[in-house]
Each structure stands twice: as structure tokens, then as C-alpha cells.
Amino acid sequence: KNLNISNNPFKHEIYNELYSIEFFKSIVSEKAKPSPIKFLTADILNLFHIHSLIFPFSPTKYFDTKYRIPLIKEEILNLRPDILCLQEVDETIFKDELNQYFTSRNYTGIYFSKSDTSSGQATFIHNKSFVLIGSHTLELRTHRLAPTLSNYDEIIRHSSCAVITLTKSSKYDVYIVIINVTYTTEGKPMKSEQATFSSGDVSIEFVHSKNIFQYDIVISGDFNSTIDQQPLIFIQNNNIDRFFNSYDFLNQRPEFTRYDILNFHAIDFIFSTV
């Protein structure tokens with residue numbers, strides 16, 4: 001009340017001290033609210049999948065990498081994600097296009113290519129939002145524990161893989177494990193055991209090796225499965241961690257993330273333990 005400022009809302013006697021205290025408390029509480037963390041996952045399609053047999057109704061100009069990739073980069077940057085998980089990323093596209101582009105915009109990138117193709121996954125962390133503690137890449141069929149699984153003979157026929165990234169929030173004392181996955185379209189019954197690997201045993205072993213024992217997990221990517229199929233049933237109902245579907249939590253759903261002549265449905269998801 002004693003401040004000699006013309007626009008001071010408390011310069012008049014009608015504003016008592018209690019009101020001023022409550023007013024400033026409300027400002028502080030607004031500023032103290034945690035900032036939302038923005039995750040983005042996208043299957044950008046590798047070169048093998050960009051052709052008219054799969055996309056018969058798309059103009060051919062959209063198949064051109066020189067046309068398509070700049071549009072993808074621009075769209076992603078407009079969304080300004082804190083965590084970016086990309087699937088079906090060609091190694092040359094990562095090195096020559098994506099990594100340079102996002103590194104210059106204060107992101108750190110981690111890439112892993114499948115052993116039998118030049119395509120893989122890329123995870124980017126915005127350095128202003130998170131500190132990268134470490135990363136681990138995994139091709140499920142080559143992991144040392146893979147032979148212990150009951151359907152190992154089936155698993156070795158597929159190249160499903162994961163990029164596991166351990167980060168710490170720059171603002172809060174919170175560790176988050178980001179698991180960027182791609183599952184093949186075949187072998188749906190075996191995917192629950194694959195999910196055990198990527199979201200359970202391997203991730204936990206990796207994080208504990210960093211002497212970190214309190215953390216949350218986000219698993220996102222191209223599951224090539226709908227919500228009523230494996231591994232999504234397992235991810236939401238398992239004995240390791242309870243994962244929540246971000247589409248349900250936010251009450252927002254993409255119309256589809258896969259489309260063909262007969263079907264349209266979501267097969268790309270983001271799940272979180274919080």
C-alpha cells in the first residue's frame with residue numbers, strides 16, 4: 001500500500017493486507033505449477049515403404065525424400081517437443097538430415113539401426129528440458145536373455161528393436177526412462193514377451209546400472225497393433241509397471257495412424273507410468 005506506483009493495485013485503502021497476500025500467493029502458485037512435458041512420436045516411413053503399391057492414392061511428389069523430409073522437420077519443430085521418438089528412420093536420413101537439423105536447435109539425438117536393414121529408431125532430447133544421463137540400444141533377438149524365452153525360435157526371425165534413453169528433468173528432481181520401440185507386423189502373440197524385454201528387464205537393468213532406482217517410464221512408438229492386441233494388452237496389464245494410455249488420459253485420439261483401403265486405426269501410441 002505504501003508503494004508510490006500509479007498502477008499499484010494495493011495503493012487504495014479498500015484493498016486490505018489479506019487481499020494482497022492472497023493475490024500474490026495466487027501468482028506464486030501459478031508460477032510454481034510444473035510445466036507440461038511434450039512428447040511426440042512419429043513413424044516417418046523408411047525408403048522401402050514409400051511407393052505407390054502401399055500409398056496408391058498419394059501424389060508421387062510426396063514419395064520424394066527431398067520434398068518429404070523438410071516438411072516433416074518443419075512440422076516437428078512447430079510442435080516443439082521436449083522428447084521426440086521417430087521410427088523407420090533411414091540411417092542416411094538421420095546422419096545427413098535429422099541429426100544436423102535438430103542438433104543445431106539444441107537437441108541431442110540417439111540412433112539405432114536394425115542389423116538386417118538400414119532403418120531404425122531415433123530419439124531426440126531437448127537439452128533445455130532434459131539432461132541426457134545415458135542410452136542403451138537393443139535388438140530383441142540378439143539380447144543375451146532372448147534364448148531363455150519360450151518362443152525364441154520365433155523371435156529370431158524378426159528385427160524388433162528399442163532405443164532406451166535415461167534422462168533427468170532440468171527443472172525437477174525427476175528421472176524419466178524413454179523407450180522408443182518398433183514391432184514388426186508379424187508375430188503378434190509373441191509381442192508380450194518382447195514388451196517384457198523392452199519395458200521391463202532390459203530397461204530396469206540399464207537404469208539400475210546408473211544407480212538410479214526412482215524413475216518413471218514412457219514407452220512410445222510403432223506397435224503395429226491396435227489397443228485390443230498384444231503387446232498393448234500386456235503393457236496396460238502386467239506385473240512390472242502399470243502403463244497408462246496417453247490417449248485416454250488426455251481424452252484425445254488420432255483418427256488413425258495407419259490407413260489402407262479396408263482399415264483405419266491407431267497403431268502408434270505413447271504409454272506412461274504416470
# chains A, B, ... in the order shown; residues from 1 in each chain; ligands from 1
>>> select_by_dssp(residues="region 17-117 of chain A", states="strand (DSSP E or B)", output="PyMOL selection string")
chain A and resi 39-43+83-90+107-113
>>> write_last_selection(atoms="C-alpha atoms", output="short mmCIF file (atom, residue, chain, number, x, y, z; two decimals), in the first residue's frame")
data_model
loop_
_atom_site.label_atom_id
_atom_site.label_comp_id
_atom_site.auth_asym_id
_atom_site.auth_seq_id
_atom_site.Cartn_x
_atom_site.Cartn_y
_atom_site.Cartn_z
CA PHE A 39 6.24 -35.97 -26.15
CA LEU A 40 5.99 -36.63 -29.87
CA THR A 41 6.16 -39.98 -31.62
CA ALA A 42 6.05 -40.49 -35.39
CA ASP A 43 6.73 -43.23 -37.90
CA ILE A 83 11.09 -35.65 -26.30
CA LEU A 84 10.90 -36.84 -29.90
CA CYS A 85 10.69 -40.53 -30.83
CA LEU A 86 10.92 -41.40 -34.53
CA GLN A 87 10.58 -44.82 -36.13
CA GLU A 88 11.53 -46.17 -39.57
CA VAL A 89 14.38 -43.69 -39.88
CA ASP A 90 16.92 -44.44 -42.60
CA TYR A 107 18.51 -31.34 -29.30
CA THR A 108 20.65 -34.41 -28.63
CA GLY A 109 19.96 -37.41 -30.86
CA ILE A 110 20.39 -41.17 -30.32
CA TYR A 111 20.03 -43.57 -33.23
CA PHE A 112 19.93 -47.34 -33.61
CA SER A 113 19.67 -49.27 -36.87
#
>>> residues_around(residues="Gln214 (chain A)", least_positions_apart="2", cutoff="10 Å", atoms="only C-alpha atoms", output="list in words")
Val174, Tyr175, Ile176, Val207, His208, Asn211, Ile212 and Asp216 of chain A
>>> write_last_selection(atoms="N, CA and C atoms", output="PDB file, in the first residue's frame")
ATOM      1  N   VAL A 174      13.429 -35.355 -11.229  1.00  0.00           N
ATOM      2  CA  VAL A 174      12.647 -36.436 -11.807  1.00  0.00           C
ATOM      3  C   VAL A 174      13.466 -37.108 -12.911  1.00  0.00           C
ATOM      4  N   TYR A 175      13.542 -38.434 -12.845  1.00  0.00           N
ATOM      5  CA  TYR A 175      14.190 -39.215 -13.894  1.00  0.00           C
ATOM      6  C   TYR A 175      13.112 -39.891 -14.742  1.00  0.00           C
ATOM      7  N   ILE A 176      13.297 -39.861 -16.052  1.00  0.00           N
ATOM      8  CA  ILE A 176      12.352 -40.493 -16.962  1.00  0.00           C
ATOM      9  C   ILE A 176      13.110 -41.410 -17.915  1.00  0.00           C
ATOM     10  N   VAL A 207      18.886 -48.924 -16.076  1.00  0.00           N
ATOM     11  CA  VAL A 207      18.734 -47.785 -15.171  1.00  0.00           C
ATOM     12  C   VAL A 207      19.404 -48.063 -13.835  1.00  0.00           C
ATOM     13  N   HIS A 208      19.260 -49.263 -13.317  1.00  0.00           N
ATOM     14  CA  HIS A 208      19.882 -49.607 -12.041  1.00  0.00           C
ATOM     15  C   HIS A 208      21.405 -49.587 -12.134  1.00  0.00           C
ATOM     16  N   ASN A 211      22.783 -46.517 -10.925  1.00  0.00           N
ATOM     17  CA  ASN A 211      22.473 -46.247  -9.509  1.00  0.00           C
ATOM     18  C   ASN A 211      21.273 -45.317  -9.356  1.00  0.00           C
ATOM     19  N   ILE A 212      20.294 -45.487 -10.214  1.00  0.00           N
ATOM     20  CA  ILE A 212      19.050 -44.731 -10.141  1.00  0.00           C
ATOM     21  C   ILE A 212      17.920 -45.738  -9.939  1.00  0.00           C
ATOM     22  N   ASP A 216      10.266 -42.755 -13.670  1.00  0.00           N
ATOM     23  CA  ASP A 216       9.060 -43.064 -14.420  1.00  0.00           C
ATOM     24  C   ASP A 216       9.468 -43.548 -15.809  1.00  0.00           C
TER      25      ASP A 216
END
>>> atom_distance(atom1="CA of Leu250 (chain A)", atom2="CA of Asn237 (chain A)")
19.5 Å
>>> closest_residue(among="A:Arg80, A:His51, A:Phe269, A:Ser220", to="Ser129 (chain A)", atoms="only C-alpha atoms")
A:Arg80
>>> residues_around(residues="Asn127 (chain A)", least_positions_apart="2", cutoff="10 Å", atoms="only C-alpha atoms", output="count of residues only")
15
>>> closest_residue(among="A:Ile204, A:Leu140, A:Leu98, A:Leu79", to="Tyr152 (chain A)", atoms="only C-alpha atoms")
A:Leu140
>>> residues_around(residues="Ile270 (chain A)", least_positions_apart="3", cutoff="8 Å", atoms="only C-alpha atoms", output="PyMOL selection string")
chain A and resi 41+218-221+245-247
>>> atom_distance(atom1="CA of Thr165 (chain A)", atom2="CA of Ile227 (chain A)")
24.4 Å
>>> residues_around(residues="region 115-117 of chain A", least_positions_apart="3", cutoff="10 Å", atoms="only C-alpha atoms", output="list in words")
Phe48, Asp90, Glu91, Phe112, Gly120, Glu139, Thr142, His158, Ser159 and Cys161 of chain A
>>> closest_residue(among="A:Ser160, A:Ser203, A:Ser272, A:Ser119", to="Asp222 (chain A)", atoms="only C-alpha atoms")
A:Ser160
>>> select_by_dssp(residues="region 8-251 of chain A", states="alpha helix (DSSP H)", output="PyMOL selection string")
chain A and resi 17-32+65-79+91-93+99-103+152-155+191-196+202-208+232-236+246-250
